[in-house]
$ cat input-v1.pdb   # PDB, C-alpha atoms, pLDDT in the B column
ATOM      1  CA  MET K 229     113.237  82.677  96.197  1.00 92.00           C
ATOM      2  CA  LYS K 230     113.507  85.700  98.445  1.00 95.00           C
ATOM      3  CA  ASN K 231     110.673  88.233  98.611  1.00 94.00           C
ATOM      4  CA  ILE K 232     111.622  90.981  96.139  1.00 97.00           C
ATOM      5  CA  VAL K 233     109.308  93.907  96.858  1.00 96.00           C
ATOM      6  CA  LEU K 234     110.865  96.181  94.231  1.00 96.00           C
ATOM      7  CA  ALA K 235     113.280  95.595  91.354  1.00 98.00           C
ATOM      8  CA  ARG K 236     114.537  98.944  90.060  1.00 97.00           C
ATOM      9  CA  ILE K 237     117.022 100.189  87.497  1.00 97.00           C
ATOM     10  CA  ASP K 238     118.424 103.549  88.587  1.00 95.00           C
ATOM     11  CA  GLU K 239     122.009 104.563  87.908  1.00 93.00           C
ATOM     12  CA  ARG K 240     122.003 106.610  91.119  1.00 91.00           C
ATOM     13  CA  LEU K 241     121.408 103.394  93.141  1.00 92.00           C
ATOM     14  CA  ILE K 242     120.653 104.523  96.731  1.00 89.00           C
ATOM     15  CA  HIS K 243     119.713 108.209  96.851  1.00 82.00           C
ATOM     16  CA  GLY K 244     117.182 110.608  98.364  1.00 79.00           C
ATOM     17  CA  GLN K 245     114.104 109.395  96.458  1.00 74.00           C
ATOM     18  CA  VAL K 246     114.922 105.814  97.379  1.00 73.00           C
ATOM     19  CA  ALA K 247     115.487 106.561 101.055  1.00 73.00           C
ATOM     20  CA  THR K 248     112.554 108.918 101.560  1.00 75.00           C
ATOM     21  CA  GLN K 249     109.883 107.576  99.221  1.00 85.00           C
ATOM     22  CA  TRP K 250     110.446 104.101  97.790  1.00 88.00           C
ATOM     23  CA  LEU K 251     111.716 102.409 100.951  1.00 85.00           C
ATOM     24  CA  ASN K 252     108.914 103.923 103.050  1.00 85.00           C
ATOM     25  CA  LEU K 253     106.332 102.665 100.558  1.00 89.00           C
ATOM     26  CA  ILE K 254     107.632  99.125 100.141  1.00 92.00           C
ATOM     27  CA  ARG K 255     108.905  98.652 103.720  1.00 92.00           C
ATOM     28  CA  ALA K 256     112.072  96.916 102.539  1.00 94.00           C
ATOM     29  CA  ASN K 257     114.527  95.702 105.154  1.00 95.00           C
ATOM     30  CA  THR K 258     117.191  94.480 102.716  1.00 96.00           C
ATOM     31  CA  ILE K 259     118.840  96.358  99.852  1.00 96.00           C
ATOM     32  CA  VAL K 260     120.675  94.417  97.161  1.00 98.00           C
ATOM     33  CA  VAL K 261     122.840  96.443  94.787  1.00 97.00           C
ATOM     34  CA  ALA K 262     123.646  94.185  91.835  1.00 98.00           C
ATOM     35  CA  ASP K 263     126.529  95.481  89.758  1.00 97.00           C
ATOM     36  CA  ASP K 264     129.649  93.766  88.464  1.00 96.00           C
ATOM     37  CA  LYS K 265     131.929  96.718  89.359  1.00 96.00           C
ATOM     38  CA  ILE K 266     130.583  98.072  92.675  1.00 95.00           C
ATOM     39  CA  PRO K 267     131.755  95.207  94.948  1.00 95.00           C
ATOM     40  CA  THR K 268     135.400  95.904  94.048  1.00 96.00           C
ATOM     41  CA  ASP K 269     135.099  99.715  94.013  1.00 96.00           C
ATOM     42  CA  ASN K 270     136.202 100.743  97.509  1.00 97.00           C
ATOM     43  CA  PHE K 271     135.005 104.337  97.137  1.00 96.00           C
ATOM     44  CA  MET K 272     131.492 103.403  95.934  1.00 95.00           C
ATOM     45  CA  THR K 273     131.268 100.656  98.559  1.00 96.00           C
ATOM     46  CA  MET K 274     132.061 103.213 101.267  1.00 96.00           C
ATOM     47  CA  ILE K 275     129.491 105.693  99.878  1.00 94.00           C
ATOM     48  CA  LEU K 276     126.709 103.114  99.567  1.00 95.00           C
ATOM     49  CA  LYS K 277     127.320 101.811 103.086  1.00 95.00           C
ATOM     50  CA  ALA K 278     127.179 105.392 104.384  1.00 93.00           C
ATOM     51  CA  VAL K 279     123.868 106.236 102.675  1.00 90.00           C
ATOM     52  CA  CYS K 280     122.115 102.939 103.370  1.00 91.00           C
ATOM     53  CA  PRO K 281     119.308 103.483 105.897  1.00 89.00           C
ATOM     54  CA  ARG K 282     120.118 101.973 109.298  1.00 89.00           C
ATOM     55  CA  ASN K 283     117.041  99.749 109.286  1.00 90.00           C
ATOM     56  CA  CYS K 284     118.172  97.981 106.078  1.00 93.00           C
ATOM     57  CA  GLU K 285     120.733  95.268 105.553  1.00 95.00           C
ATOM     58  CA  LEU K 286     122.931  96.055 102.530  1.00 96.00           C
ATOM     59  CA  HIS K 287     124.380  93.545 100.053  1.00 97.00           C
ATOM     60  CA  LEU K 288     126.780  94.763  97.347  1.00 98.00           C
ATOM     61  CA  LEU K 289     127.000  91.885  94.882  1.00 98.00           C
ATOM     62  CA  THR K 290     127.842  91.085  91.289  1.00 98.00           C
ATOM     63  CA  ALA K 291     124.827  90.166  89.149  1.00 98.00           C
ATOM     64  CA  VAL K 292     125.614  86.442  89.421  1.00 98.00           C
ATOM     65  CA  GLU K 293     126.139  86.670  93.205  1.00 98.00           C
ATOM     66  CA  ALA K 294     122.889  88.632  93.528  1.00 98.00           C
ATOM     67  CA  ALA K 295     121.021  85.972  91.546  1.00 98.00           C
ATOM     68  CA  GLU K 296     122.331  83.258  93.868  1.00 97.00           C
ATOM     69  CA  PHE K 297     121.367  85.299  96.933  1.00 97.00           C
ATOM     70  CA  LEU K 298     117.876  86.037  95.590  1.00 97.00           C
ATOM     71  CA  LYS K 299     117.264  82.397  94.655  1.00 96.00           C
ATOM     72  CA  GLY K 300     118.063  81.383  98.237  1.00 92.00           C
ATOM     73  CA  GLU K 301     115.576  80.222 100.825  1.00 91.00           C
ATOM     74  CA  PRO K 302     113.066  82.916 101.708  1.00 90.00           C
ATOM     75  CA  GLY K 303     113.295  84.388 105.156  1.00 90.00           C
ATOM     76  CA  ASN K 304     112.014  87.635 106.598  1.00 93.00           C
ATOM     77  CA  GLU K 305     113.697  89.694 103.892  1.00 94.00           C
ATOM     78  CA  LYS K 306     111.736  92.281 101.976  1.00 96.00           C
ATOM     79  CA  VAL K 307     114.253  93.006  99.233  1.00 97.00           C
ATOM     80  CA  PHE K 308     114.734  96.222  97.321  1.00 96.00           C
ATOM     81  CA  LEU K 309     116.902  95.223  94.335  1.00 97.00           C
ATOM     82  CA  VAL K 310     118.610  97.986  92.387  1.00 97.00           C
ATOM     83  CA  THR K 311     120.969  97.993  89.411  1.00 97.00           C
ATOM     84  CA  LYS K 312     122.634 100.811  87.479  1.00 96.00           C
ATOM     85  CA  GLY K 313     121.424  99.519  84.126  1.00 96.00           C
ATOM     86  CA  PRO K 314     119.455  96.740  82.455  1.00 97.00           C
ATOM     87  CA  GLU K 315     122.443  94.451  81.855  1.00 98.00           C
ATOM     88  CA  ALA K 316     122.545  93.196  85.447  1.00 98.00           C
ATOM     89  CA  MET K 317     118.761  92.634  85.510  1.00 98.00           C
ATOM     90  CA  LEU K 318     118.975  90.603  82.300  1.00 98.00           C
ATOM     91  CA  LYS K 319     121.884  88.574  83.674  1.00 98.00           C
ATOM     92  CA  MET K 320     119.904  87.787  86.866  1.00 98.00           C
ATOM     93  CA  ILE K 321     116.879  86.703  84.800  1.00 98.00           C
ATOM     94  CA  GLU K 322     119.157  84.446  82.741  1.00 97.00           C
ATOM     95  CA  GLU K 323     120.486  83.028  86.045  1.00 97.00           C
ATOM     96  CA  GLY K 324     116.936  82.059  87.049  1.00 96.00           C
ATOM     97  CA  CYS K 325     115.594  85.047  88.995  1.00 97.00           C
ATOM     98  CA  GLU K 326     111.947  85.910  88.523  1.00 95.00           C
ATOM     99  CA  PHE K 327     110.638  89.461  88.641  1.00 97.00           C
ATOM    100  CA  LYS K 328     106.969  90.506  88.438  1.00 96.00           C
ATOM    101  CA  GLU K 329     108.052  93.828  86.963  1.00 98.00           C
ATOM    102  CA  ILE K 330     111.003  96.184  86.827  1.00 98.00           C
ATOM    103  CA  ILE K 331     110.695  99.882  87.605  1.00 96.00           C
ATOM    104  CA  LEU K 332     113.012 102.126  85.597  1.00 96.00           C
ATOM    105  CA  GLY K 333     114.197 105.277  87.318  1.00 92.00           C
ATOM    106  CA  ASN K 334     116.986 107.492  86.108  1.00 89.00           C
ATOM    107  CA  MET K 335     119.450 106.683  83.343  1.00 92.00           C
ATOM    108  CA  GLY K 336     121.078 109.986  82.413  1.00 87.00           C
ATOM    109  CA  SER K 337     122.415 111.141  79.104  1.00 88.00           C
ATOM    110  CA  ALA K 338     125.938 110.173  78.128  1.00 89.00           C
ATOM    111  CA  ALA K 339     127.972 109.587  75.004  1.00 88.00           C
ATOM    112  CA  GLY K 340     126.364 106.851  72.934  1.00 90.00           C
ATOM    113  CA  ARG K 341     122.986 107.138  74.661  1.00 91.00           C
ATOM    114  CA  LYS K 342     119.772 108.353  73.029  1.00 89.00           C
ATOM    115  CA  SER K 343     117.356 110.348  75.175  1.00 87.00           C
ATOM    116  CA  PHE K 344     113.845 108.889  75.504  1.00 87.00           C
ATOM    117  CA  ASN K 345     112.502 111.403  78.004  1.00 85.00           C
ATOM    118  CA  ARG K 346     113.797 113.804  80.623  1.00 84.00           C
ATOM    119  CA  ASN K 347     115.042 110.994  82.888  1.00 88.00           C
ATOM    120  CA  VAL K 348     115.901 108.089  80.600  1.00 90.00           C
ATOM    121  CA  SER K 349     118.626 107.758  78.011  1.00 90.00           C
ATOM    122  CA  ALA K 350     119.952 104.450  76.742  1.00 93.00           C
ATOM    123  CA  SER K 351     122.576 103.103  74.401  1.00 93.00           C
ATOM    124  CA  PRO K 352     121.661 100.643  71.636  1.00 93.00           C
ATOM    125  CA  GLU K 353     123.072  97.839  73.827  1.00 96.00           C
ATOM    126  CA  GLU K 354     120.921  98.912  76.783  1.00 95.00           C
ATOM    127  CA  VAL K 355     117.844  99.121  74.540  1.00 95.00           C
ATOM    128  CA  GLU K 356     118.568  95.549  73.402  1.00 96.00           C
ATOM    129  CA  CYS K 357     118.737  94.446  77.057  1.00 96.00           C
ATOM    130  CA  PHE K 358     115.347  96.093  77.676  1.00 96.00           C
ATOM    131  CA  ARG K 359     113.923  94.233  74.653  1.00 96.00           C
ATOM    132  CA  GLN K 360     115.263  90.897  75.865  1.00 97.00           C
ATOM    133  CA  ILE K 361     113.894  91.428  79.386  1.00 97.00           C
ATOM    134  CA  ILE K 362     110.450  92.268  77.987  1.00 97.00           C
ATOM    135  CA  GLU K 363     110.603  89.272  75.606  1.00 96.00           C
ATOM    136  CA  LYS K 364     111.258  87.082  78.652  1.00 97.00           C
ATOM    137  CA  GLY K 365     107.906  88.233  80.044  1.00 96.00           C
ATOM    138  CA  VAL K 366     109.031  90.881  82.533  1.00 98.00           C
ATOM    139  CA  PRO K 367     107.330  94.253  82.006  1.00 97.00           C
ATOM    140  CA  ILE K 368     109.402  97.399  82.529  1.00 97.00           C
ATOM    141  CA  TYR K 369     107.778 100.636  83.648  1.00 96.00           C
ATOM    142  CA  GLN K 370     109.422 104.047  83.888  1.00 95.00           C
ATOM    143  CA  GLN K 371     108.514 105.692  87.207  1.00 94.00           C
ATOM    144  CA  MET K 372     110.703 108.177  89.044  1.00 91.00           C
ATOM    145  CA  VAL K 373     108.766 108.374  92.321  1.00 91.00           C
ATOM    146  CA  PRO K 374     105.850 106.320  93.646  1.00 92.00           C
ATOM    147  CA  VAL K 375     103.233 109.043  92.979  1.00 91.00           C
ATOM    148  CA  ASP K 376     104.159 109.215  89.280  1.00 92.00           C
ATOM    149  CA  PRO K 377     102.160 107.010  86.914  1.00 94.00           C
ATOM    150  CA  LYS K 378     103.885 103.898  85.589  1.00 95.00           C
ATOM    151  CA  VAL K 379     104.751 104.271  81.907  1.00 93.00           C
ATOM    152  CA  ASP K 380     105.358 101.074  79.905  1.00 95.00           C
ATOM    153  CA  ILE K 381     108.719 101.547  78.168  1.00 94.00           C
ATOM    154  CA  THR K 382     107.824  99.409  75.162  1.00 92.00           C
ATOM    155  CA  GLY K 383     107.032 102.622  73.276  1.00 84.00           C
ATOM    156  CA  PHE K 384     110.509 104.015  74.053  1.00 80.00           C
ATOM    157  CA  ILE K 385     112.407 101.137  72.521  1.00 79.00           C
ATOM    158  CA  LYS K 386     110.622 100.631  69.201  1.00 72.00           C
TER     159      LYS K 386
END

$ encode --input "input-v1.pdb" --output "structure tokens"
Amino acid sequence: MKNIVLARIDERLIHGQVATQWLNLIRANTIVVADDKIPTDNFMTMILKAVCPRNCELHLLTAVEAAEFLKGEPGNEKVFLVTKGPEAMLKMIEEGCEFKEIILGNMGSAAGRKSFNRNVSASPEEVECFRQIIEKGVPIYQQMVPVDPKVDITGFIK
């Protein structure tokens, strides 16, 4: 399995906090965006390629494709894995990927989502995905930036 240095759920995917704080901290050289819609969305593909730091290789993959990539032979990759929501993380776990932990960033409010704190809102289906991930032994911590404390989300989803 490839060296995953950070698995993160953040609906903003690659953005300022990622580029200036997370990537500097974890020294990733490969970014994997796992999302079933992004690879066929020409506009989002163009945007993500434009904002990807030059020193990182970018892979825009479906969740199943990402799982296959991540389960491949390890090389020199230090992978930053990011998904928009928990569904793709759960699918990758079900496909055999192993994560030490998942860091939850921003999931904004929207119709059908309940707000848990200033930065996290989730639908009942997303909450169920969080539960299943945790039941599979992968802890999930909410943390916007590296200097923030990690907050176990188990209390959010009761």

$ residues_around --input "input-v1.pdb" --residues "stretch 331-344 of chain K" --least-positions-apart "4" --cutoff "10 Å" --atoms "all atoms listed in the file" --output "JSON, numbers by chain"
{"K": [234, 235, 236, 237, 238, 239, 240, 241, 310, 311, 312, 313, 314, 348, 349, 350, 351, 352, 353, 354, 355, 367, 368, 369, 370, 371, 372, 373, 378, 379, 380, 381, 383, 384, 385]}

$ closest_residue --input "input-v1.pdb" --among "K:Glu296, K:Thr258, K:Glu329, K:Lys265" --to "K:Cys284" --atoms "only C-alpha atoms"
K:Thr258

$ resolve_selection --input "input-v1.pdb" --expression "the PyMOL selection byres ((chain K and resi 251) around 12)" --output "PyMOL selection string"
chain K and resi 233-236+242-250+252-259+280-284+306-310+373-374

$ closest_residue --input "input-v1.pdb" --among "K:Phe358, K:Met229, K:Leu318, K:Glu363" --to "K:Gly300" --atoms "all atoms listed in the file"
K:Met229

$ axis_aligned_box --input "input-v1.pdb" --around "stretch 367-383 of chain K" --padding-each-side "6 Å" --output "lines of an AutoDock Vina configuration file"
center_x = 106.4
center_y = 101.7
center_z = 83.5
size_x = 20.5
size_y = 27.0
size_z = 32.4

$ residues_near_point --input "input-v1.pdb" --point "(118.1, 88.1, 87.6)" --cutoff "9 Å" --atoms "all atoms listed in the file" --output "mmCIF file with C-alpha atoms, in the coordinates of the input"
data_model
loop_
_atom_site.group_PDB
_atom_site.id
_atom_site.type_symbol
_atom_site.label_atom_id
_atom_site.label_comp_id
_atom_site.auth_asym_id
_atom_site.auth_seq_id
_atom_site.Cartn_x
_atom_site.Cartn_y
_atom_site.Cartn_z
ATOM 1 C CA ALA K 291 124.827 90.166 89.149
ATOM 2 C CA VAL K 292 125.614 86.442 89.421
ATOM 3 C CA ALA K 294 122.889 88.632 93.528
ATOM 4 C CA ALA K 295 121.021 85.972 91.546
ATOM 5 C CA GLU K 296 122.331 83.258 93.868
ATOM 6 C CA LEU K 298 117.876 86.037 95.590
ATOM 7 C CA ALA K 316 122.545 93.196 85.447
ATOM 8 C CA MET K 317 118.761 92.634 85.510
ATOM 9 C CA LEU K 318 118.975 90.603 82.300
ATOM 10 C CA LYS K 319 121.884 88.574 83.674
ATOM 11 C CA MET K 320 119.904 87.787 86.866
ATOM 12 C CA ILE K 321 116.879 86.703 84.800
ATOM 13 C CA GLU K 322 119.157 84.446 82.741
ATOM 14 C CA GLU K 323 120.486 83.028 86.045
ATOM 15 C CA GLY K 324 116.936 82.059 87.049
ATOM 16 C CA CYS K 325 115.594 85.047 88.995
ATOM 17 C CA GLU K 326 111.947 85.910 88.523
ATOM 18 C CA PHE K 327 110.638 89.461 88.641
#

$ atom_distance --input "input-v1.pdb" --atom1 "atom CA of K:Glu315" --atom2 "atom CA of K:Cys357"
6.1 Å

$ atom_distance --input "input-v1.pdb" --atom1 "atom CA of K:Glu305" --atom2 "atom CA of K:Thr290"
19.0 Å

$ residues_near_point --input "input-v1.pdb" --point "(128.2, 100.2, 96.4)" --cutoff "10 Å" --atoms "all atoms listed in the file" --output "list in words"
Leu241, Ile242, Val260, Val261, Ala262, Asp263, Lys265, Ile266, Pro267, Thr268, Asp269, Asn270, Phe271, Met272, Thr273, Met274, Ile275, Leu276, Lys277, Ala278, Val279, Cys280, Leu286, His287, Leu288 and Leu289 of chain K

$ atom_distance --input "input-v1.pdb" --atom1 "atom CA of K:Glu301" --atom2 "atom CA of K:Ile232"
12.4 Å

$ closest_residue --input "input-v1.pdb" --among "K:Glu285, K:Pro377, K:Lys386, K:Lys230" --to "K:Gly303" --atoms "all atoms listed in the file"
K:Lys230

$ decode --input "input-v1.pdb" --residues "stretch 239-298 of chain K" --atoms "C-alpha atoms" --output "short mmCIF file (atom, residue, chain, number, x, y, z; two decimals), in the first residue's frame"
data_model
loop_
_atom_site.label_atom_id
_atom_site.label_comp_id
_atom_site.auth_asym_id
_atom_site.auth_seq_id
_atom_site.Cartn_x
_atom_site.Cartn_y
_atom_site.Cartn_z
CA GLU K 239 -15.56 19.56 0.48
CA ARG K 240 -13.25 22.35 -0.70
CA LEU K 241 -10.65 19.72 -1.75
CA ILE K 242 -7.46 21.68 -2.63
CA HIS K 243 -7.57 25.21 -1.22
CA GLY K 244 -5.46 27.75 0.66
CA GLN K 245 -5.25 25.91 3.99
CA VAL K 246 -4.22 22.73 2.20
CA ALA K 247 -1.58 24.43 0.07
CA THR K 248 -0.09 26.65 2.77
CA GLN K 249 -0.43 24.59 5.94
CA TRP K 250 -1.26 20.91 5.52
CA LEU K 251 1.05 20.16 2.60
CA ASN K 252 3.96 21.98 4.26
CA LEU K 253 3.43 19.98 7.44
CA ILE K 254 3.08 16.53 5.89
CA ARG K 255 5.52 17.06 2.98
CA ALA K 256 3.23 15.28 0.52
CA ASN K 257 4.39 14.93 -3.06
CA THR K 258 1.21 13.29 -4.39
CA ILE K 259 -2.38 14.48 -4.08
CA VAL K 260 -5.21 12.03 -4.70
CA VAL K 261 -8.69 13.52 -5.04
CA ALA K 262 -11.16 10.64 -4.71
CA ASP K 263 -14.62 11.54 -5.94
CA ASP K 264 -16.98 9.75 -8.30
CA LYS K 265 -17.95 12.96 -10.15
CA ILE K 266 -14.74 15.03 -10.35
CA PRO K 267 -12.90 12.92 -12.97
CA THR K 268 -15.65 13.58 -15.53
CA ASP K 269 -16.24 17.23 -14.57
CA ASN K 270 -14.07 19.18 -17.01
CA PHE K 271 -14.45 22.48 -15.15
CA MET K 272 -13.48 21.06 -11.73
CA THR K 273 -10.65 19.06 -13.31
CA MET K 274 -9.27 22.27 -14.83
CA ILE K 275 -9.58 24.15 -11.51
CA LEU K 276 -7.93 21.41 -9.45
CA LYS K 277 -5.05 21.09 -11.91
CA ALA K 278 -4.56 24.86 -11.76
CA VAL K 279 -4.45 25.04 -7.95
CA CYS K 280 -2.35 21.93 -7.38
CA PRO K 281 1.10 22.92 -6.10
CA ARG K 282 3.82 22.38 -8.71
CA ASN K 283 5.80 20.04 -6.48
CA CYS K 284 2.87 17.59 -6.22
CA GLU K 285 1.63 14.99 -8.65
CA LEU K 286 -2.18 15.12 -8.93
CA HIS K 287 -4.53 12.16 -9.43
CA LEU K 288 -8.25 12.79 -9.95
CA LEU K 289 -9.89 9.40 -9.48
CA THR K 290 -13.18 7.77 -8.61
CA ALA K 291 -13.26 6.15 -5.16
CA VAL K 292 -12.73 2.67 -6.64
CA GLU K 293 -9.87 3.89 -8.88
CA ALA K 294 -8.30 5.66 -5.89
CA ALA K 295 -8.51 2.48 -3.82
CA GLU K 296 -6.72 0.53 -6.56
CA PHE K 297 -4.04 3.22 -6.84
CA LEU K 298 -3.52 3.37 -3.07
#
